[in-house]
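Engineer: One structure coming up, written as structure tokens, with questions to follow.
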Amino acid sequence: TSAEASPAIMQATKDYKAYVLEQTELLKVSAKTLTDAVRAGNVEAAKTAFGPSRQPWERIEPIAELFVKYDVSIDSRVDDFNSETDPEFTGFHRIEYGIFELSTTEGLTEFADKLDADILGLIEDIKKLEVDPFDMAKGPQALMEEIANGKITGEEDRYSGTDLYDFNGNLEGSKKIVDLLRQPMIDAKSDIPEKFDVLY
């Protein structure tokens, strides 16, 4: 049986989807801690919630990014828009700009409500997704490259400086994929010399 069609690989993709759905539920809760603070007008509570609120998103980024509409509305940076006041600039980083750069929650309720709604929409779409083992296997590399080529400069969480939360989420999400695929890949490639097993 080829690696991509092996029952063990397919089981790994099912287990990964279960992990992703678990993380989306955590995301719904962690984001609501942030958005509730915004709606309550509590800037300090919103600042405290911001970094942790993003970690579940960062753990599942290889899957979340497949849904371009939600990736844009939830996680786009201002670079993709005309300015911070562009009405199309929404999601985590629009809220981040308000609470950290402007130190206010004024005008952010609509963005908080939209973030909650977008996360619910993302969850429903992920439930319908059949995870491709190749997309899954490419995930760790994509996440590590994203950290090395962009996030390490602080460009993502530029207003809050909470990038280490993102790094940690990316690393945890990568490790989960590697853990799920390691044994099935070793079994599928059992003819590879033992000294190369560490690669899997």
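We label chains A, B, ... in the order they appear in the structure tokens, count residues from 1 in each chain, and number ligands from 1 in the order shown.
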Mind the document's chain letters and residue numbers, and return as a PyMOL selection string the residues of chain A that DSSP labels alpha helix (DSSP H).

Structural biologist: chain A and resi 7-39+43-59+61-64+68-75+92-96+109-127+133-149+163-188

Engineer: Need the shell around A:Leu171: protein/DNA/RNA residues with any atom at most 9 Å away, counting only C-alpha atoms. Skip same-chain ones fewer than 4 positions apart. Format as a VMD selection string?

Structural biologist: chain A and resid 58 to 59 140 143 to 144 166 to 167 175 to 176

Engineer: Could you take the residues named above and write them with N, CA, C and O atoms, as a tab-separated table (two decimals), in the first residue's frame?

Structural biologist:
```tsv
chain	number	residue	atom	x	y	z
A	58	GLU	N	-3.39	29.86	15.54
A	58	GLU	CA	-2.05	29.60	15.04
A	58	GLU	C	-1.74	28.11	14.99
A	58	GLU	O	-0.98	27.65	14.13
A	59	ARG	N	-2.33	27.32	15.87
A	59	ARG	CA	-2.11	25.86	15.85
A	59	ARG	C	-2.71	25.22	14.60
A	59	ARG	O	-2.21	24.21	14.13
A	140	PRO	N	3.70	21.53	8.75
A	140	PRO	CA	4.81	21.94	9.62
A	140	PRO	C	5.84	22.81	8.90
A	140	PRO	O	6.31	23.82	9.45
A	143	LEU	N	4.44	26.33	8.42
A	143	LEU	CA	4.40	27.10	9.66
A	143	LEU	C	5.79	27.56	10.08
A	143	LEU	O	5.98	28.70	10.52
A	144	MET	N	6.77	26.68	9.95
A	144	MET	CA	8.13	27.05	10.34
A	144	MET	C	8.69	28.14	9.41
A	144	MET	O	9.38	29.05	9.85
A	166	ASP	N	2.09	33.55	19.12
A	166	ASP	CA	1.90	33.01	17.77
A	166	ASP	C	2.95	31.94	17.47
A	166	ASP	O	2.63	30.89	16.91
A	167	PHE	N	4.20	32.23	17.82
A	167	PHE	CA	5.26	31.24	17.60
A	167	PHE	C	4.90	29.94	18.29
A	167	PHE	O	5.03	28.85	17.72
A	175	LYS	N	4.07	20.32	15.74
A	175	LYS	CA	4.43	19.10	16.49
A	175	LYS	C	3.29	18.08	16.44
A	175	LYS	O	3.53	16.88	16.32
A	176	LYS	N	2.06	18.56	16.51
A	176	LYS	CA	0.92	17.65	16.46
A	176	LYS	C	0.90	16.88	15.15
A	176	LYS	O	0.69	15.66	15.12
```

Engineer: Could you make a table, as CSV, of the residues of stretch 2-86 of chain A that have an atom within 8 Å of an atom of stretch 104-115 of chain A, each with its nearest atom pair and distance in Å to one decimal, counting only C-alpha atoms, in chain and number order?

Structural biologist:
```
residue,atom,partner,partner_atom,distance
A:Ala31,CA,A:Leu115,CA,7.9
A:Thr35,CA,A:Ala112,CA,4.9
A:Asp36,CA,A:Ala112,CA,7.9
A:Val38,CA,A:Thr105,CA,5.6
A:Arg39,CA,A:Thr109,CA,5.4
A:Gly41,CA,A:Thr105,CA,5.5
A:Asn42,CA,A:Thr105,CA,7.2
A:Val43,CA,A:Thr104,CA,6.0
A:Ser73,CA,A:Leu115,CA,7.7
A:Ile74,CA,A:Leu115,CA,6.3
```

Engineer: Hey, which of A:Leu122, A:Thr24, A:Ala148, A:Ala37 ends up closest to A:Phe67? Count only C-alpha atoms.

Structural biologist: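 Closest residue, counting only C-alpha atoms: A:Leu122.
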
Engineer: Set the distance at 10 Å and use only C-alpha atoms: which residues neighbour A:Ser103 once local chain neighbours fewer than 3 positions away are removed? I'd like the list as a PyMOL selection string.

Structural biologist: chain A and resi 43-44+47+96-100+106

Engineer: Would you export the selected residues with N, CA, C and O atoms as a PDB file, in the first residue's frame, please?

Structural biologist:
```pdb
ATOM      1  N   VAL A  43     -10.275  47.975  28.164  1.00  0.00           N
ATOM      2  CA  VAL A  43      -9.071  47.944  27.332  1.00  0.00           C
ATOM      3  C   VAL A  43      -8.011  47.021  27.922  1.00  0.00           C
ATOM      4  O   VAL A  43      -7.394  46.224  27.196  1.00  0.00           O
ATOM      5  N   GLU A  44      -7.777  47.112  29.220  1.00  0.00           N
ATOM      6  CA  GLU A  44      -6.717  46.308  29.832  1.00  0.00           C
ATOM      7  C   GLU A  44      -7.029  44.823  29.749  1.00  0.00           C
ATOM      8  O   GLU A  44      -6.143  44.006  29.481  1.00  0.00           O
ATOM      9  N   LYS A  47      -6.372  43.754  26.214  1.00  0.00           N
ATOM     10  CA  LYS A  47      -4.936  43.612  25.961  1.00  0.00           C
ATOM     11  C   LYS A  47      -4.411  42.298  26.518  1.00  0.00           C
ATOM     12  O   LYS A  47      -3.631  41.589  25.873  1.00  0.00           O
ATOM     13  N   GLU A  96      -6.507  44.488  17.541  1.00  0.00           N
ATOM     14  CA  GLU A  96      -5.177  44.744  18.112  1.00  0.00           C
ATOM     15  C   GLU A  96      -4.785  46.209  17.936  1.00  0.00           C
ATOM     16  O   GLU A  96      -4.284  46.847  18.882  1.00  0.00           O
ATOM     17  N   TYR A  97      -5.000  46.738  16.748  1.00  0.00           N
ATOM     18  CA  TYR A  97      -4.658  48.136  16.475  1.00  0.00           C
ATOM     19  C   TYR A  97      -5.407  49.070  17.427  1.00  0.00           C
ATOM     20  O   TYR A  97      -4.820  50.001  18.004  1.00  0.00           O
ATOM     21  N   GLY A  98      -6.689  48.825  17.608  1.00  0.00           N
ATOM     22  CA  GLY A  98      -7.489  49.697  18.459  1.00  0.00           C
ATOM     23  C   GLY A  98      -7.058  49.669  19.915  1.00  0.00           C
ATOM     24  O   GLY A  98      -6.883  50.726  20.541  1.00  0.00           O
ATOM     25  N   ILE A  99      -6.870  48.477  20.439  1.00  0.00           N
ATOM     26  CA  ILE A  99      -6.618  48.399  21.885  1.00  0.00           C
ATOM     27  C   ILE A  99      -5.171  48.710  22.260  1.00  0.00           C
ATOM     28  O   ILE A  99      -4.909  49.232  23.346  1.00  0.00           O
ATOM     29  N   PHE A 100      -4.230  48.415  21.362  1.00  0.00           N
ATOM     30  CA  PHE A 100      -2.825  48.658  21.699  1.00  0.00           C
ATOM     31  C   PHE A 100      -2.315  49.999  21.164  1.00  0.00           C
ATOM     32  O   PHE A 100      -1.647  50.744  21.876  1.00  0.00           O
ATOM     33  N   GLU A 106     -13.286  51.931  21.644  1.00  0.00           N
ATOM     34  CA  GLU A 106     -14.310  52.703  20.927  1.00  0.00           C
ATOM     35  C   GLU A 106     -14.330  52.320  19.449  1.00  0.00           C
ATOM     36  O   GLU A 106     -13.295  52.282  18.785  1.00  0.00           O
TER      37      GLU A 106
END
```

Engineer: I'd like the neighbourhood of A:Ile126 as a VMD selection string, where a residue qualifies if any of its atoms comes within 10 Å (using only C-alpha atoms), though same-chain residues fewer than 4 positions away should be ignored.

Structural biologist: chain A and resid 17 20 to 21 24 63 to 64 66 to 67 121 to 122 130 to 131

Engineer: Between A:Asp132, A:Asp125, A:Glu101, A:Asp75, which is the closest to A:Phe89 once you count only C-alpha atoms?

Structural biologist: A:Asp75

Engineer: Which value, in Å to one decimal, gives the distance between atom CA of A:Glu61 and atom CA of A:Pro184?

Structural biologist: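 It comes out at 22.7 Å.
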
Engineer: When you look at A:Glu88 with a cut-off of 12 Å (counting only C-alpha atoms), what residues show up, excluding the ones that are within fewer than 3 positions of it in the same chain? I need them as a PDB file with C-alpha atoms, in the first residue's frame.

Structural biologist:
```pdb
ATOM      1  CA  LYS A  69     -12.598  34.250   3.072  1.00  0.00           C
ATOM      2  CA  VAL A  72      -8.720  37.302   5.267  1.00  0.00           C
ATOM      3  CA  SER A  73     -11.466  38.453   7.633  1.00  0.00           C
ATOM      4  CA  ILE A  74      -9.945  36.890  10.768  1.00  0.00           C
ATOM      5  CA  ASP A  75      -6.187  37.243  10.345  1.00  0.00           C
ATOM      6  CA  SER A  76      -5.226  39.787   7.670  1.00  0.00           C
ATOM      7  CA  ARG A  77      -2.654  42.446   8.486  1.00  0.00           C
ATOM      8  CA  VAL A  78      -3.111  46.096   7.572  1.00  0.00           C
ATOM      9  CA  ASP A  79      -0.613  45.687   4.696  1.00  0.00           C
ATOM     10  CA  ASP A  80      -3.427  44.092   2.676  1.00  0.00           C
ATOM     11  CA  PHE A  81      -5.578  47.237   2.945  1.00  0.00           C
ATOM     12  CA  ASN A  82      -5.416  50.990   2.334  1.00  0.00           C
ATOM     13  CA  SER A  83      -4.957  51.873   5.999  1.00  0.00           C
ATOM     14  CA  GLU A  84      -5.987  50.899   9.527  1.00  0.00           C
ATOM     15  CA  THR A  85      -9.276  52.699   8.963  1.00  0.00           C
ATOM     16  CA  GLY A  91     -10.398  40.534  12.624  1.00  0.00           C
ATOM     17  CA  HIS A  93      -5.362  42.672  13.956  1.00  0.00           C
ATOM     18  CA  ARG A  94      -7.994  45.402  13.596  1.00  0.00           C
ATOM     19  CA  PHE A 111     -15.253  44.099  14.716  1.00  0.00           C
ATOM     20  CA  LYS A 114     -17.729  39.996  13.247  1.00  0.00           C
TER      21      LYS A 114
END
```

Engineer: Would you please work out which residue, of A:Leu27, A:Ile152, A:Ala45, A:Met136, is nearest to A:Thr13 when using only C-alpha atoms?

Structural biologist: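 Ranking A:Leu27, A:Ile152, A:Ala45, A:Met136 by distance to A:Thr13, first place goes to A:Met136.
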
Engineer: Atom CA of A:Val178 to atom CA of A:Glu156: how many Å, to one decimal?

Structural biologist: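 Computed distance, atom CA of A:Val178 to atom CA of A:Glu156, equals 24.9 Å.
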